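Coordinates as given in upload.cif (mmCIF, C-alpha atoms and all ligand atoms):
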data_start
loop_
_atom_site.label_atom_id
_atom_site.label_comp_id
_atom_site.auth_asym_id
_atom_site.auth_seq_id
_atom_site.Cartn_x
_atom_site.Cartn_y
_atom_site.Cartn_z
CA MET A 997 0.00 0.00 0.00
CA ARG A 998 1.42 3.34 -1.05
CA LEU A 999 0.55 6.36 1.02
CA LEU A 1000 1.10 10.03 0.40
CA LEU A 1001 1.61 12.04 3.58
CA VAL A 1002 1.14 15.80 3.22
CA GLU A 1003 2.23 17.39 6.49
CA ASP A 1004 4.36 20.46 7.17
CA GLU A 1005 5.17 19.74 10.81
CA THR A 1006 8.53 17.99 10.64
CA ARG A 1007 8.27 16.00 13.86
CA MET A 1008 4.71 14.89 13.18
CA ALA A 1009 5.67 13.83 9.64
CA ALA A 1010 8.70 11.89 10.87
CA ALA A 1011 6.73 10.11 13.60
CA LEU A 1012 3.87 9.21 11.23
CA THR A 1013 6.24 8.02 8.53
CA ARG A 1014 8.14 5.84 10.99
CA GLY A 1015 4.94 4.32 12.36
CA LEU A 1016 3.34 3.69 8.98
CA VAL A 1017 6.50 2.17 7.49
CA ALA A 1018 6.68 -0.15 10.50
CA GLU A 1019 3.11 -1.25 9.64
CA GLY A 1020 4.21 -2.16 6.13
CA PHE A 1021 3.13 0.94 4.18
CA VAL A 1022 5.28 2.64 1.59
CA VAL A 1023 5.16 6.32 2.56
CA GLU A 1024 6.07 9.36 0.53
CA HIS A 1025 6.10 12.64 2.33
CA VAL A 1026 5.72 16.19 1.02
CA ALA A 1027 5.50 19.29 3.20
CA ASP A 1028 3.22 21.75 1.40
CA GLY A 1029 -0.17 21.79 -0.29
CA GLU A 1030 0.99 22.45 -3.83
CA ALA A 1031 3.48 19.57 -3.73
CA GLY A 1032 0.74 17.44 -2.20
CA LEU A 1033 -1.69 18.19 -5.00
CA GLU A 1034 0.91 17.43 -7.68
CA ALA A 1035 1.92 14.17 -6.00
CA ALA A 1036 -1.70 13.09 -5.49
CA ARG A 1037 -2.48 13.82 -9.14
CA PHE A 1038 0.30 11.73 -10.58
CA GLY A 1039 1.56 9.44 -7.83
CA GLY A 1040 -0.91 6.54 -8.01
CA TYR A 1041 -1.32 6.32 -4.23
CA ASP A 1042 -3.74 4.04 -2.40
CA ALA A 1043 -4.57 6.82 0.04
CA VAL A 1044 -3.56 10.34 1.06
CA VAL A 1045 -3.10 11.55 4.63
CA LEU A 1046 -3.60 15.28 4.32
CA ASP A 1047 -3.05 18.02 6.87
CA VAL A 1048 -5.44 21.00 6.65
CA MET A 1049 -3.15 23.88 7.59
CA LEU A 1050 -0.34 23.74 5.03
CA PRO A 1051 1.98 26.24 3.38
CA ARG A 1052 1.18 27.31 -0.21
CA MET A 1053 -2.23 25.63 -0.41
CA SER A 1054 -4.63 24.41 2.29
CA GLY A 1055 -5.62 20.78 2.58
CA TYR A 1056 -9.22 21.84 1.82
CA THR A 1057 -8.13 23.27 -1.52
CA VAL A 1058 -6.06 20.18 -2.30
CA VAL A 1059 -8.95 17.77 -1.75
CA ARG A 1060 -11.52 20.01 -3.46
CA THR A 1061 -9.26 20.32 -6.50
CA LEU A 1062 -8.71 16.58 -6.69
CA ARG A 1063 -12.45 15.87 -6.52
CA ALA A 1064 -13.23 18.54 -9.10
CA GLU A 1065 -10.77 16.70 -11.35
CA GLN A 1066 -12.65 13.43 -10.68
CA ASN A 1067 -9.75 12.05 -8.67
CA TRP A 1068 -11.27 9.80 -5.96
CA VAL A 1069 -8.13 8.69 -4.12
CA PRO A 1070 -9.18 8.07 -0.48
CA VAL A 1071 -8.26 11.09 1.65
CA LEU A 1072 -7.92 11.19 5.43
CA MET A 1073 -7.64 14.76 6.66
CA LEU A 1074 -5.78 15.85 9.78
CA SER A 1075 -6.32 19.09 11.56
CA ALA A 1076 -5.30 20.81 14.75
CA LYS A 1077 -8.54 22.76 14.64
CA ASP A 1078 -11.48 21.13 16.34
CA GLY A 1079 -14.18 23.69 15.60
CA GLU A 1080 -17.59 22.33 14.76
CA TYR A 1081 -17.43 23.47 11.20
CA ASP A 1082 -13.98 22.24 10.27
CA GLU A 1083 -14.90 18.58 10.11
CA ALA A 1084 -18.00 19.24 8.04
CA ASP A 1085 -15.96 21.50 5.77
CA GLY A 1086 -13.32 18.83 5.21
CA LEU A 1087 -15.93 16.22 4.38
CA ASP A 1088 -17.86 18.67 2.21
CA TYR A 1089 -14.80 19.38 0.16
CA GLY A 1090 -14.47 15.68 -0.54
CA ALA A 1091 -12.34 14.11 2.19
CA ASP A 1092 -13.38 10.59 3.16
CA ASP A 1093 -12.54 10.85 6.82
CA TYR A 1094 -11.19 13.35 9.29
CA LEU A 1095 -9.04 13.21 12.43
CA THR A 1096 -8.47 16.05 14.84
CA LYS A 1097 -5.00 16.48 16.30
CA PRO A 1098 -3.86 15.28 18.71
CA PHE A 1099 -4.84 11.72 17.81
CA SER A 1100 -3.32 8.38 18.73
CA PHE A 1101 -1.39 6.50 16.07
CA VAL A 1102 -3.57 3.43 16.69
CA VAL A 1103 -6.69 5.42 15.81
CA LEU A 1104 -5.06 6.82 12.67
CA LEU A 1105 -4.09 3.32 11.60
CA ALA A 1106 -7.60 1.95 12.18
CA ARG A 1107 -9.24 4.79 10.23
CA LEU A 1108 -6.73 4.46 7.42
CA ARG A 1109 -7.30 0.72 7.11
CA ALA A 1110 -11.07 1.26 7.10
CA LEU A 1111 -10.60 3.80 4.32
CA LEU A 1112 -8.47 1.42 2.26
CA ARG A 1113 -11.06 -1.34 2.58
CA ARG A 1114 -13.78 0.87 1.13
CA GLU A 1115 -14.61 0.94 -2.52
CA SER A 1116 -12.78 3.80 -4.10
CA GLY A 1117 -14.29 3.56 -7.55
CA PRO A 1118 -15.58 6.62 -9.35
CA ARG A 1119 -18.43 8.34 -7.58
CA PRO A 1120 -21.44 9.72 -9.37
CA VAL A 1121 -20.70 13.15 -10.67
CA LEU A 1122 -24.20 14.39 -9.87
CA LEU A 1123 -26.70 13.11 -7.32
CA GLU A 1124 -30.34 13.56 -8.31
CA GLY A 1125 -33.73 12.94 -6.76
CA ALA A 1126 -37.01 14.69 -5.88
CA GLY A 1127 -36.22 17.48 -8.34
CA ILE A 1128 -32.91 18.17 -6.58
CA VAL A 1129 -29.50 18.01 -8.23
CA LEU A 1130 -26.46 17.98 -5.96
CA ASP A 1131 -22.92 18.23 -7.30
CA PRO A 1132 -20.44 16.91 -4.70
CA ALA A 1133 -17.46 18.26 -6.64
CA SER A 1134 -18.58 21.86 -7.04
CA HIS A 1135 -20.63 21.78 -3.85
CA ARG A 1136 -23.74 23.23 -5.48
CA VAL A 1137 -27.40 22.31 -5.11
CA HIS A 1138 -30.28 23.08 -7.43
CA ALA A 1139 -33.96 22.47 -6.73
CA ASP A 1140 -36.13 22.54 -9.86
CA GLY A 1141 -33.26 24.30 -11.59
CA VAL A 1142 -32.90 27.06 -8.99
CA GLU A 1143 -29.67 27.18 -7.03
CA VAL A 1144 -30.11 26.82 -3.27
CA SER A 1145 -27.45 27.83 -0.76
CA LEU A 1146 -26.89 25.27 2.01
CA SER A 1147 -24.66 25.22 5.08
CA PRO A 1148 -22.00 22.48 5.20
CA ARG A 1149 -24.10 20.28 7.47
CA GLU A 1150 -27.32 20.81 5.53
CA PHE A 1151 -25.37 19.81 2.43
CA LEU A 1152 -24.13 16.61 4.10
CA VAL A 1153 -27.62 15.61 5.29
CA LEU A 1154 -29.04 16.15 1.82
CA GLU A 1155 -26.15 14.27 0.22
CA HIS A 1156 -26.85 11.24 2.45
CA LEU A 1157 -30.54 11.28 1.53
CA LEU A 1158 -29.73 11.53 -2.18
CA ARG A 1159 -27.17 8.74 -2.02
CA ALA A 1160 -29.79 6.51 -0.40
CA GLY A 1161 -32.14 7.14 -3.35
CA PRO A 1162 -35.67 6.07 -2.47
CA ALA A 1163 -34.50 4.13 0.62
CA VAL A 1164 -35.17 5.38 4.13
CA VAL A 1165 -32.15 6.76 5.98
CA ALA A 1166 -32.31 6.09 9.72
CA LYS A 1167 -32.06 9.14 11.92
CA GLU A 1168 -29.20 7.49 13.82
CA ASP A 1169 -27.28 6.93 10.58
CA LEU A 1170 -27.60 10.61 9.68
CA LEU A 1171 -26.52 11.59 13.16
CA GLU A 1172 -23.48 9.36 13.09
CA SER A 1173 -22.39 10.25 9.55
CA VAL A 1174 -22.89 14.00 9.78
CA TRP A 1175 -22.28 14.81 13.44
CA GLY A 1176 -20.58 11.78 14.92
CA PRO A 1177 -21.77 9.36 17.57
CA GLY A 1178 -22.87 10.77 20.89
CA ASP A 1179 -24.53 13.90 19.57
CA ASP A 1180 -28.16 14.66 20.35
CA ALA A 1181 -30.51 13.06 17.80
CA ASN A 1182 -32.75 16.14 17.88
CA VAL A 1183 -30.16 17.98 15.81
CA VAL A 1184 -31.10 15.77 12.84
CA GLU A 1185 -34.74 16.92 13.03
CA VAL A 1186 -33.61 20.52 13.25
CA TYR A 1187 -31.48 20.22 10.12
CA VAL A 1188 -34.14 18.34 8.17
CA GLY A 1189 -36.38 21.28 9.11
CA TYR A 1190 -33.83 23.73 7.69
CA LEU A 1191 -33.62 21.70 4.49
CA ARG A 1192 -37.40 21.57 4.10
CA ARG A 1193 -37.60 25.32 4.52
CA LYS A 1194 -35.00 25.86 1.81
CA LEU A 1195 -36.05 23.10 -0.60
CA GLY A 1196 -39.77 22.77 -0.02
CA ARG A 1197 -41.50 20.66 2.63
CA ALA A 1198 -42.72 17.92 0.35
CA ARG A 1199 -39.26 16.89 -0.86
CA ILE A 1200 -38.24 15.09 2.32
CA GLU A 1201 -40.66 12.58 3.84
CA THR A 1202 -40.65 11.50 7.47
CA VAL A 1203 -40.94 7.77 8.05
CA ARG A 1204 -42.26 7.70 11.57
CA GLY A 1205 -40.01 5.96 14.06
CA VAL A 1206 -37.34 5.26 11.44
CA GLY A 1207 -35.97 8.27 9.65
CA TYR A 1208 -36.26 10.18 6.40
CA ARG A 1209 -36.36 9.60 2.68
CA LEU A 1210 -36.60 11.70 -0.43
CA ALA A 1211 -40.04 12.05 -1.94
CA THR A 1212 -40.46 10.05 -5.14
CA CA B 1301 0.04 21.99 9.44
#
Would you kindly transcribe this structure into structure tokens?
Ligand code: CA
Amino acid sequence: MRLLLVEDETRMAAALTRGLVAEGFVVEHVADGEAGLEAARFGGYDAVVLDVMLPRMSGYTVVRTLRAEQNWVPVLMLSAKDGEYDEADGLDYGADDYLTKPFSFVVLLARLRALLRRESGPRPVLLEGAGIVLDPASHRVHADGVEVSLSPREFLVLEHLLRAGPAVVAKEDLLESVWGPGDDANVVEVYVGYLRRKLGRARIETVRGVGYRLAT
């Protein structure tokens, strides 16, 4: 397994490289965002471990650029920031998973292995349903042809519903995917409410006691 590590903190990069090599990975390390983008474009890596705060180009820009170019290499983002919005931002821009520093190496390894087990085939360029078109790459949403502006978390909730197609998405699944385990399930209802206000009530149906699905 070949990994690209994009990290500007020398000691962190050295420690991660040492640990990952000991686990049998081949690791290439670059220390700024521009070099990271170039390497990820042409390097043929199995996964990228990408810091957010980088010289020359942020990790957000790197992953957003890769996705806009239809490059679906699995990306695990690292960040020292732990603000509520950072994680959603990273995932919105196309990262597959996100770890907040400081993290334990064991956790990094587990998340990385989970990422590598996942299918990393091409993703649909556009997600469509209930008159809504969502473009994960450009991060835009249209309802009946009219562009709608969504917050990062609203976008993620809608993306999950669209990916499920006509299937019901359990409230707990939305909670865990968008907010993380342990959060209050009421937040899901609140955000579905926001989405209904912006997109039209009838587009998202409540399946009592289970969750939500897109109207067909
Ligand atoms: Ca950094």
Measuring between all atoms listed in the file, which one of A:Arg1159, A:Arg1007, A:Arg998, A:Arg1014 shows the shortest distance to ligand CA 1301 (chain B)? A:Arg1007
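Nearest to ligand CA 1301 (chain B) of all the residues A:Lys1097, A:Arg1149, A:Arg1136, A:His1025 is A:Lys1097, counting only C-alpha atoms and all ligand atoms.
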Excluding A:Leu1001 and any residue of its chain fewer than 2 positions from it, enumerate the residues within 10 Å of it, using only C-alpha atoms, and give them as a ChimeraX atom specification. /A:998-999,1003-1004,1009,1012-1013,1023-1027,1032,1035-1036,1043-1047,1072
To check your reading of the model: which residues sit at most 9 Å from ligand CA 1301 (chain B) when counting all atoms listed in the file? Write the answer as a VMD selection string. chain A and resid 1002 to 1005 1027 to 1028 1047 to 1051 1054 to 1055 1074 to 1076
Expected file: the selected residues, C-alpha atoms, as a PDB file, keeping the file's coordinate frame:
ATOM      1  CA  VAL A1002       1.140  15.800   3.220  1.00  0.00           C
ATOM      2  CA  GLU A1003       2.230  17.390   6.490  1.00  0.00           C
ATOM      3  CA  ASP A1004       4.360  20.460   7.170  1.00  0.00           C
ATOM      4  CA  GLU A1005       5.170  19.740  10.810  1.00  0.00           C
ATOM      5  CA  ALA A1027       5.500  19.290   3.200  1.00  0.00           C
ATOM      6  CA  ASP A1028       3.220  21.750   1.400  1.00  0.00           C
ATOM      7  CA  ASP A1047      -3.050  18.020   6.870  1.00  0.00           C
ATOM      8  CA  VAL A1048      -5.440  21.000   6.650  1.00  0.00           C
ATOM      9  CA  MET A1049      -3.150  23.880   7.590  1.00  0.00           C
ATOM     10  CA  LEU A1050      -0.340  23.740   5.030  1.00  0.00           C
ATOM     11  CA  PRO A1051       1.980  26.240   3.380  1.00  0.00           C
ATOM     12  CA  SER A1054      -4.630  24.410   2.290  1.00  0.00           C
ATOM     13  CA  GLY A1055      -5.620  20.780   2.580  1.00  0.00           C
ATOM     14  CA  LEU A1074      -5.780  15.850   9.780  1.00  0.00           C
ATOM     15  CA  SER A1075      -6.320  19.090  11.560  1.00  0.00           C
ATOM     16  CA  ALA A1076      -5.300  20.810  14.750  1.00  0.00           C
TER      17      ALA A1076
END
Would you mind reading off the distance between atom CA of A:Glu1168 and atom CA of A:Leu1154, one decimal, in Å? 14.8 Å
What's around A:Ile1128 at 9 Å? Count only C-alpha atoms, leave out sequence neighbours fewer than 6 positions away in its own chain, and write the answer as a list in words. Val1137, His1138, Ala1139, Asp1140, Gly1141, Leu1158, Leu1195 and Arg1199 of chain A
Would you work out the distance separating atom CA of A:Glu1150 from atom CA of A:Tyr1187, expressed in Å to one decimal? 6.2 Å
Please indicate the distance in Å from atom CA of A:Ala1133 to atom CA of A:Thr1061, rounded to one decimal place. 8.5 Å
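Closest approach to A:Leu1104 from the set A:Leu1016, A:Ile1200, A:Leu1130, A:Ala1031 is made by A:Leu1016, with distances taken over only C-alpha atoms.
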Residue nearest A:Val1144 - candidates A:Val1184, A:Leu1191, A:Leu1108, A:Leu1122, atoms counted: only C-alpha atoms: A:Leu1191
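Using all atoms listed in the file for every distance, the candidate list A:His1156, A:Val1069, A:Pro1132, A:Met1053 yields A:Val1069 as the residue closest to A:Leu1111.
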Find the axis-aligned box for stretch 1136-1147 of chain A, covering all its listed atoms and adding 3 Å on each side, and write its centre and edge lengths in Å to one decimal as JSON.
{"center_x": -29.9, "center_y": 25.1, "center_z": -3.3, "size_x": 18.4, "size_y": 11.5, "size_z": 22.7}
Using all atoms listed in the file, which of the listed residues (A:Val1059, A:Leu1033, A:Ala1166, A:Ala1010) sits closest to A:Arg1209? A:Ala1166
